[in-house]
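File shown: target-v5.txt (compact mmCIF, C-alpha atoms).
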```
# COMPACT_ATOMS: atom_id res chain seq x y z
CA MET Q 25 119.57 120.52 8.59
CA GLY Q 26 120.62 118.17 5.82
CA TYR Q 27 124.25 117.83 4.72
CA PRO Q 28 124.45 120.63 2.09
CA LEU Q 29 122.84 123.34 4.22
CA ALA Q 30 124.70 122.24 7.35
CA ILE Q 31 128.10 122.42 5.63
CA ILE Q 32 127.30 125.83 4.13
CA SER Q 33 126.11 127.13 7.51
CA LEU Q 34 129.12 125.68 9.33
CA THR Q 35 131.53 127.32 6.91
CA GLY Q 36 129.71 130.66 6.90
CA LEU Q 37 129.44 130.84 10.70
CA ALA Q 38 133.13 129.97 11.05
CA LEU Q 39 134.17 132.78 8.71
CA CYS Q 40 131.91 135.28 10.51
CA SER Q 41 133.27 134.16 13.86
CA MET Q 42 136.92 134.47 12.83
CA TRP Q 43 136.29 137.96 11.42
CA THR Q 44 134.48 139.01 14.62
CA GLN Q 45 137.34 137.74 16.77
CA ALA Q 46 139.82 139.75 14.70
CA LEU Q 47 137.69 142.88 15.19
CA LEU Q 48 137.50 142.31 18.95
CA ILE Q 49 141.26 142.01 19.23
CA GLY Q 50 141.55 145.22 17.20
CA LEU Q 51 139.26 146.95 19.71
CA LEU Q 52 141.32 145.58 22.59
CA THR Q 53 144.53 146.89 21.03
CA GLU Q 54 143.00 150.35 20.64
CA TYR Q 55 141.68 150.23 24.21
CA ARG Q 56 145.12 149.39 25.62
CA HIS Q 57 146.66 152.16 23.54
CA ILE Q 58 144.21 154.67 25.02
CA ILE Q 59 145.06 153.54 28.57
CA ALA Q 60 148.79 153.72 27.86
CA CYS Q 61 148.52 157.28 26.54
CA ASP Q 62 146.16 158.59 29.23
CA MET Q 63 148.20 159.31 32.35
CA ASN Q 64 145.02 160.04 34.33
CA HIS Q 65 143.31 156.77 33.51
CA PRO Q 66 142.81 154.68 36.71
CA ARG Q 67 144.22 151.62 34.92
CA HIS Q 68 147.28 153.39 33.51
CA GLY Q 69 150.42 151.35 34.22
CA ASP Q 70 148.49 148.47 35.78
CA LYS Q 71 150.03 145.46 34.02
CA ASP Q 72 148.00 142.92 36.02
CA TYR Q 73 144.67 144.43 35.01
CA THR Q 74 142.36 142.15 33.00
CA ALA Q 75 140.02 144.15 30.79
CA SER Q 76 136.42 143.04 30.39
CA TYR Q 77 134.30 142.98 27.26
CA HIS Q 78 131.93 145.76 28.34
CA GLU Q 79 134.81 147.99 29.54
CA VAL Q 80 136.47 147.93 26.13
CA ILE Q 81 133.18 148.67 24.38
CA GLY Q 82 132.37 151.41 26.90
CA VAL Q 83 135.62 153.32 26.37
CA LEU Q 84 135.37 153.16 22.59
CA LYS Q 85 131.59 153.45 22.05
CA GLY Q 86 130.17 155.03 25.20
CA LYS Q 87 128.28 153.94 28.31
CA LYS Q 88 125.11 153.01 26.40
CA TRP Q 89 126.86 150.35 24.34
CA ALA Q 90 128.80 149.22 27.41
CA ASN Q 91 125.49 148.38 29.13
CA VAL Q 92 124.19 146.64 26.00
CA SER Q 93 127.32 144.52 25.71
CA LEU Q 94 127.17 143.71 29.44
CA LEU Q 95 123.60 142.42 28.99
CA VAL Q 96 124.60 140.39 25.92
CA VAL Q 97 127.53 138.82 27.77
CA PHE Q 98 125.32 137.98 30.75
CA LEU Q 99 122.69 136.28 28.59
CA ALA Q 100 125.33 134.44 26.54
CA LEU Q 101 127.11 133.08 29.61
CA LEU Q 102 123.77 132.19 31.23
CA GLY Q 103 122.78 130.18 28.16
CA LEU Q 104 126.20 128.55 28.00
CA SER Q 105 126.06 127.55 31.66
CA VAL Q 106 122.57 126.06 31.37
CA ALA Q 107 123.52 124.13 28.22
CA GLN Q 108 126.70 122.72 29.75
CA ILE Q 109 125.03 121.72 33.01
CA THR Q 110 122.09 120.08 31.20
CA ALA Q 111 124.36 118.20 28.78
CA SER Q 112 126.67 117.01 31.54
CA ALA Q 113 123.74 115.85 33.69
CA SER Q 114 122.25 113.95 30.75
CA ASN Q 115 125.57 112.23 30.04
CA LEU Q 116 125.97 111.21 33.68
CA TYR Q 117 122.44 109.81 33.69
CA LEU Q 118 123.24 107.71 30.61
CA LEU Q 119 126.35 106.37 32.36
CA SER Q 120 124.46 105.58 35.55
CA PRO Q 121 120.70 106.10 36.06
CA ALA Q 122 121.13 105.72 39.82
CA LEU Q 123 120.13 109.37 40.33
CA GLU Q 124 117.59 111.59 38.60
CA THR Q 125 118.79 113.94 35.88
CA ARG Q 126 117.81 116.94 38.03
CA THR Q 127 119.99 115.63 40.88
CA TYR Q 128 122.92 115.23 38.51
CA ALA Q 129 122.31 118.79 37.28
CA LEU Q 130 122.56 120.13 40.85
CA ILE Q 131 125.80 118.21 41.42
CA VAL Q 132 127.32 119.35 38.12
CA GLY Q 133 126.18 122.94 38.71
CA GLY Q 134 127.84 122.97 42.11
CA ALA Q 135 131.06 121.55 40.68
CA PHE Q 136 131.11 124.04 37.81
CA SER Q 137 130.54 126.92 40.21
CA THR Q 138 133.90 126.26 41.84
CA LEU Q 139 135.57 127.48 38.63
CA CYS Q 140 134.84 131.04 39.76
CA PHE Q 141 137.87 130.66 42.03
CA VAL Q 142 140.18 130.33 39.01
CA PRO Q 143 141.84 133.78 38.82
CA THR Q 144 142.25 134.15 35.04
CA PHE Q 145 142.11 132.11 31.87
CA ARG Q 146 145.85 131.56 32.15
CA GLU Q 147 145.28 129.25 35.13
CA TYR Q 148 142.49 127.54 33.23
CA ARG Q 149 144.81 126.09 30.57
CA LEU Q 150 145.16 122.61 32.10
CA LEU Q 151 141.39 122.14 32.24
CA SER Q 152 141.13 123.40 28.66
CA PHE Q 153 143.72 120.88 27.51
CA ILE Q 154 141.86 118.04 29.25
CA GLY Q 155 138.63 119.14 27.59
CA ILE Q 156 140.23 119.33 24.14
CA ALA Q 157 141.87 115.92 24.50
CA SER Q 158 138.73 114.20 25.78
CA THR Q 159 136.54 115.78 23.09
CA LEU Q 160 138.99 114.77 20.36
CA TYR Q 161 139.08 111.21 21.70
CA THR Q 162 135.28 110.99 21.84
CA ALA Q 163 134.83 112.38 18.33
CA PHE Q 164 137.26 109.94 16.74
CA TYR Q 165 135.94 107.03 18.80
CA LEU Q 166 132.46 107.71 17.39
CA THR Q 167 133.89 108.10 13.89
CA ILE Q 168 135.84 104.82 14.01
CA GLU Q 169 132.90 102.94 15.50
CA ALA Q 170 130.52 104.29 12.86
CA ALA Q 171 132.91 103.43 10.04
CA SER Q 172 133.51 99.90 11.35
CA GLN Q 173 129.84 99.06 11.95
CA GLY Q 174 128.44 100.81 8.88
CA PRO Q 175 124.93 102.28 8.50
CA LEU Q 176 121.83 100.40 9.57
CA GLU Q 177 119.55 99.05 6.88
CA ASN Q 178 116.66 101.12 5.53
CA VAL Q 179 117.98 104.36 7.08
CA GLU Q 180 116.82 107.52 5.32
CA TYR Q 181 118.82 110.74 5.43
CA ALA Q 182 116.52 113.67 4.77
CA ALA Q 183 116.49 117.44 5.07
CA PRO Q 184 114.64 119.02 8.01
CA THR Q 185 110.90 118.56 7.82
CA ASP Q 186 109.94 121.74 9.67
CA PHE Q 187 111.33 125.10 10.76
CA PHE Q 188 111.88 123.92 14.35
CA ASN Q 189 114.37 121.25 13.27
CA LEU Q 190 116.10 123.72 10.96
CA PHE Q 191 116.36 126.32 13.74
CA THR Q 192 117.61 123.71 16.22
CA GLY Q 193 120.36 122.60 13.86
CA PHE Q 194 121.42 126.15 13.05
CA THR Q 195 121.58 127.22 16.69
CA ASP Q 196 123.67 124.13 17.49
CA LEU Q 197 126.17 125.18 14.83
CA LEU Q 198 126.09 128.79 16.02
CA PHE Q 199 126.74 127.65 19.59
CA MET Q 200 129.97 125.99 18.45
CA PHE Q 201 131.41 129.38 17.54
CA GLY Q 202 130.28 131.29 20.62
CA GLY Q 203 132.99 132.36 23.00
CA HIS Q 204 133.08 135.99 21.83
CA THR Q 205 132.05 137.04 25.31
CA ALA Q 206 135.34 135.73 26.74
CA ALA Q 207 137.64 136.63 23.83
CA ILE Q 208 139.04 139.79 25.42
CA GLU Q 209 139.66 138.17 28.81
CA LYS Q 210 141.51 135.30 27.10
CA ALA Q 211 143.60 137.61 24.94
CA VAL Q 212 144.66 139.85 27.82
CA VAL Q 213 146.37 137.01 29.72
CA MET Q 214 148.28 135.83 26.65
CA ASP Q 215 151.94 136.69 26.21
CA ARG Q 216 151.07 137.99 22.73
CA PRO Q 217 147.45 139.22 22.76
CA ASP Q 218 147.79 140.43 19.17
CA LYS Q 219 148.13 136.77 18.12
CA TYR Q 220 144.83 135.72 19.66
CA HIS Q 221 142.87 135.73 16.41
CA ILE Q 222 145.48 133.40 14.89
CA ALA Q 223 145.04 130.99 17.79
CA TYR Q 224 141.29 131.24 17.32
CA ASN Q 225 141.63 130.35 13.64
CA PHE Q 226 143.44 127.16 14.61
CA ALA Q 227 140.70 126.50 17.16
CA THR Q 228 138.16 126.78 14.34
CA LEU Q 229 140.08 124.17 12.35
CA TYR Q 230 139.92 121.96 15.45
CA VAL Q 231 136.13 122.36 15.44
CA TYR Q 232 136.06 121.07 11.86
CA VAL Q 233 138.23 118.11 12.82
CA ILE Q 234 135.82 116.99 15.54
CA THR Q 235 132.59 117.70 13.60
CA PHE Q 236 133.02 116.72 9.95
CA PRO Q 237 134.33 113.14 10.48
CA THR Q 238 131.65 112.30 13.03
CA GLY Q 239 128.99 113.95 10.84
```

Please go through the file and, once you have read it, give me the structure as structure tokens.
Amino acid sequence: MGYPLAIISLTGLALCSMWTQALLIGLLTEYRHIIACDMNHPRHGDKDYTASYHEVIGVLKGKKWANVSLLVVFLALLGLSVAQITASASNLYLLSPALETRTYALIVGGAFSTLCFVPTFREYRLLSFIGIASTLYTAFYLTIEAASQGPLENVEYAAPTDFFNLFTGFTDLLFMFGGHTAAIEKAVVMDRPDKYHIAYNFATLYVYVITFPTG
């Protein structure tokens, strides 16, 4: 995308994402208030109930928008799953080309599928911590290596030459701030769901820490 446009896009998408997360938590708070006040609601008094994205939208905006949000969540998670499986398979192939990339993808897909047995995001915290730590290590390893070796000779840094490259760069940045589809499920299992957007803001700062130095 070129440095100027990439930095502007990264900042703009981060601000939009943080604002959207705050709105979602506001909707969740209103949804829980409705359940608490409605004695006839099937979820009234159920403290172990984990609300879903489309349920919150459905109560507040109607069944039509509940179906729309359900479709959006499905497509978002489908794209996320495909991207993660493809990236993991490619990385494994670079480490060891003993198997084909497609074979690695089947292995990774099977391993990832076992995560459906994790009850809620609360039990997912250890895996999240491992992912954060390993990503942070990788980002700073690349940064230190790049700084120590320096740039190659006769390297040109240019803006995108066509719309495809521009679109690819922008979607990569947009993908970094996805996660809206799981925001409500994450917030529900927190001890203080109303503080979720604050935690997300710190997560956004983490994204900057692992992207700007390596960039």

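Across the model, the gap from atom CA of Val83 of chain Q to atom CA of Met42 of chain Q is 23.2 Å.
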
- Neighbours of segment 219-233 of chain Q within 7 Å (all atoms listed in the file; same-chain residues fewer than 5 positions away dropped), as a ChimeraX atom specification? /Q:38,42,45-46,211

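Taking atom CA of Pro143 of chain Q and atom CA of Ser114 of chain Q as the two end points, the separation is 29.0 Å.
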
Selection as a short mmCIF file (atom, residue, chain, number, x, y, z; two decimals) with C-alpha atoms, in the coordinates of the input: residues within 12 Å of (133.1, 130.9, 7.2), counting all atoms listed in the file:
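The resulting file, part-v4.cif, is shown below:
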```cif
data_model
loop_
_atom_site.label_atom_id
_atom_site.label_comp_id
_atom_site.auth_asym_id
_atom_site.auth_seq_id
_atom_site.Cartn_x
_atom_site.Cartn_y
_atom_site.Cartn_z
CA ILE Q 31 128.10 122.42 5.63
CA ILE Q 32 127.30 125.83 4.13
CA SER Q 33 126.11 127.13 7.51
CA LEU Q 34 129.12 125.68 9.33
CA THR Q 35 131.53 127.32 6.91
CA GLY Q 36 129.71 130.66 6.90
CA LEU Q 37 129.44 130.84 10.70
CA ALA Q 38 133.13 129.97 11.05
CA LEU Q 39 134.17 132.78 8.71
CA CYS Q 40 131.91 135.28 10.51
CA SER Q 41 133.27 134.16 13.86
CA MET Q 42 136.92 134.47 12.83
CA TRP Q 43 136.29 137.96 11.42
CA THR Q 44 134.48 139.01 14.62
CA LEU Q 197 126.17 125.18 14.83
CA LEU Q 198 126.09 128.79 16.02
CA PHE Q 201 131.41 129.38 17.54
CA ASN Q 225 141.63 130.35 13.64
CA THR Q 228 138.16 126.78 14.34
CA LEU Q 229 140.08 124.17 12.35
CA TYR Q 232 136.06 121.07 11.86
#
```

- Nearest to Tyr77 of chain Q: which of Q:Ala207, Q:Gly155, Q:Pro28, Q:Val142 is it, counting all atoms listed in the file?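 Closest residue, counting all atoms listed in the file: Q:Ala207.
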
- Task: Go ahead and compute the interatomic distance for atom CA of Ala170 of chain Q and atom CA of Thr238 of chain Q, in Å to one decimal.
- Result: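 Between atom CA of Ala170 of chain Q and atom CA of Thr238 of chain Q the gap is 8.1 Å.
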
- Task: For Ile58 of chain Q, list every protein, DNA or RNA residue within 10 Å, evaluated using all atoms listed in the file, and leave out those in the same chain fewer than 6 positions away; present the list as a PyMOL selection string.
- Result: chain Q and resi 52+65+68+83-84

- Just the residues within 12 Å of Thr110 of chain Q, please, counting all atoms listed in the file, with nothing from its chain fewer than 6 positions along; format it as a list of chain:residue names.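 After dropping sequence-adjacent residues, the list is Q:Gly103, Q:Leu104, Q:Leu116, Q:Tyr117, Q:Thr125, Q:Arg126, Q:Thr127, Q:Tyr128, Q:Ala129, Q:Leu130, Q:Ile131, Q:Val132, Q:Gly133, Q:Phe136.
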
I want to know what sits within 12 Å of Glu54 of chain Q, based on all atoms listed in the file, with residues of the same chain fewer than 6 positions away left out; could you give that as a short mmCIF file (atom, residue, chain, number, x, y, z; two decimals) with C-alpha atoms, keeping the file's coordinate frame?
```cif
data_model
loop_
_atom_site.label_atom_id
_atom_site.label_comp_id
_atom_site.auth_asym_id
_atom_site.auth_seq_id
_atom_site.Cartn_x
_atom_site.Cartn_y
_atom_site.Cartn_z
CA LEU Q 47 137.69 142.88 15.19
CA LEU Q 48 137.50 142.31 18.95
CA ALA Q 60 148.79 153.72 27.86
CA CYS Q 61 148.52 157.28 26.54
CA VAL Q 80 136.47 147.93 26.13
CA ILE Q 81 133.18 148.67 24.38
CA VAL Q 83 135.62 153.32 26.37
CA LEU Q 84 135.37 153.16 22.59
CA LYS Q 85 131.59 153.45 22.05
CA ASP Q 218 147.79 140.43 19.17
#
```

Place N, CA, C and O atoms on segment 27-42 of chain Q and deliver the coordinates as a PDB file, keeping the file's coordinate frame.
```
ATOM      1  N   TYR Q  27     122.808 117.640   4.898  1.00  0.00           N
ATOM      2  CA  TYR Q  27     124.250 117.830   4.720  1.00  0.00           C
ATOM      3  C   TYR Q  27     124.614 119.122   3.983  1.00  0.00           C
ATOM      4  O   TYR Q  27     125.472 119.884   4.447  1.00  0.00           O
ATOM      5  N   PRO Q  28     124.004 119.422   2.826  1.00  0.00           N
ATOM      6  CA  PRO Q  28     124.450 120.630   2.090  1.00  0.00           C
ATOM      7  C   PRO Q  28     124.282 121.911   2.897  1.00  0.00           C
ATOM      8  O   PRO Q  28     125.215 122.715   3.015  1.00  0.00           O
ATOM      9  N   LEU Q  29     123.093 122.109   3.474  1.00  0.00           N
ATOM     10  CA  LEU Q  29     122.840 123.340   4.220  1.00  0.00           C
ATOM     11  C   LEU Q  29     123.676 123.409   5.490  1.00  0.00           C
ATOM     12  O   LEU Q  29     124.139 124.482   5.891  1.00  0.00           O
ATOM     13  N   ALA Q  30     123.889 122.257   6.123  1.00  0.00           N
ATOM     14  CA  ALA Q  30     124.700 122.240   7.350  1.00  0.00           C
ATOM     15  C   ALA Q  30     126.145 122.627   7.056  1.00  0.00           C
ATOM     16  O   ALA Q  30     126.758 123.400   7.800  1.00  0.00           O
ATOM     17  N   ILE Q  31     126.713 122.102   5.972  1.00  0.00           N
ATOM     18  CA  ILE Q  31     128.100 122.420   5.630  1.00  0.00           C
ATOM     19  C   ILE Q  31     128.238 123.893   5.254  1.00  0.00           C
ATOM     20  O   ILE Q  31     129.193 124.568   5.670  1.00  0.00           O
ATOM     21  N   ILE Q  32     127.264 124.407   4.499  1.00  0.00           N
ATOM     22  CA  ILE Q  32     127.300 125.830   4.130  1.00  0.00           C
ATOM     23  C   ILE Q  32     127.195 126.707   5.377  1.00  0.00           C
ATOM     24  O   ILE Q  32     127.937 127.682   5.539  1.00  0.00           O
ATOM     25  N   SER Q  33     126.293 126.355   6.280  1.00  0.00           N
ATOM     26  CA  SER Q  33     126.110 127.130   7.510  1.00  0.00           C
ATOM     27  C   SER Q  33     127.350 127.055   8.392  1.00  0.00           C
ATOM     28  O   SER Q  33     127.785 128.061   8.964  1.00  0.00           O
ATOM     29  N   LEU Q  34     127.927 125.858   8.496  1.00  0.00           N
ATOM     30  CA  LEU Q  34     129.120 125.680   9.330  1.00  0.00           C
ATOM     31  C   LEU Q  34     130.278 126.527   8.812  1.00  0.00           C
ATOM     32  O   LEU Q  34     130.974 127.197   9.582  1.00  0.00           O
ATOM     33  N   THR Q  35     130.447 126.529   7.503  1.00  0.00           N
ATOM     34  CA  THR Q  35     131.530 127.320   6.910  1.00  0.00           C
ATOM     35  C   THR Q  35     131.275 128.814   7.072  1.00  0.00           C
ATOM     36  O   THR Q  35     132.173 129.578   7.449  1.00  0.00           O
ATOM     37  N   GLY Q  36     130.046 129.240   6.796  1.00  0.00           N
ATOM     38  CA  GLY Q  36     129.710 130.660   6.900  1.00  0.00           C
ATOM     39  C   GLY Q  36     129.834 131.186   8.322  1.00  0.00           C
ATOM     40  O   GLY Q  36     130.386 132.269   8.553  1.00  0.00           O
ATOM     41  N   LEU Q  37     129.349 130.422   9.295  1.00  0.00           N
ATOM     42  CA  LEU Q  37     129.440 130.840  10.700  1.00  0.00           C
ATOM     43  C   LEU Q  37     130.892 130.891  11.157  1.00  0.00           C
ATOM     44  O   LEU Q  37     131.265 131.768  11.941  1.00  0.00           O
ATOM     45  N   ALA Q  38     131.714 129.960  10.683  1.00  0.00           N
ATOM     46  CA  ALA Q  38     133.130 129.970  11.050  1.00  0.00           C
ATOM     47  C   ALA Q  38     133.823 131.218  10.534  1.00  0.00           C
ATOM     48  O   ALA Q  38     134.596 131.868  11.258  1.00  0.00           O
ATOM     49  N   LEU Q  39     133.552 131.587   9.286  1.00  0.00           N
ATOM     50  CA  LEU Q  39     134.170 132.780   8.710  1.00  0.00           C
ATOM     51  C   LEU Q  39     133.720 134.043   9.455  1.00  0.00           C
ATOM     52  O   LEU Q  39     134.533 134.916   9.761  1.00  0.00           O
ATOM     53  N   CYS Q  40     132.422 134.124   9.756  1.00  0.00           N
ATOM     54  CA  CYS Q  40     131.910 135.280  10.510  1.00  0.00           C
ATOM     55  C   CYS Q  40     132.535 135.349  11.894  1.00  0.00           C
ATOM     56  O   CYS Q  40     132.876 136.432  12.391  1.00  0.00           O
ATOM     57  N   SER Q  41     132.702 134.202  12.517  1.00  0.00           N
ATOM     58  CA  SER Q  41     133.270 134.160  13.860  1.00  0.00           C
ATOM     59  C   SER Q  41     134.728 134.590  13.871  1.00  0.00           C
ATOM     60  O   SER Q  41     135.149 135.368  14.734  1.00  0.00           O
ATOM     61  N   MET Q  42     135.505 134.096  12.897  1.00  0.00           N
ATOM     62  CA  MET Q  42     136.920 134.470  12.830  1.00  0.00           C
ATOM     63  C   MET Q  42     137.077 135.966  12.573  1.00  0.00           C
ATOM     64  O   MET Q  42     137.954 136.623  13.151  1.00  0.00           O
TER      65      MET Q  42
END
```
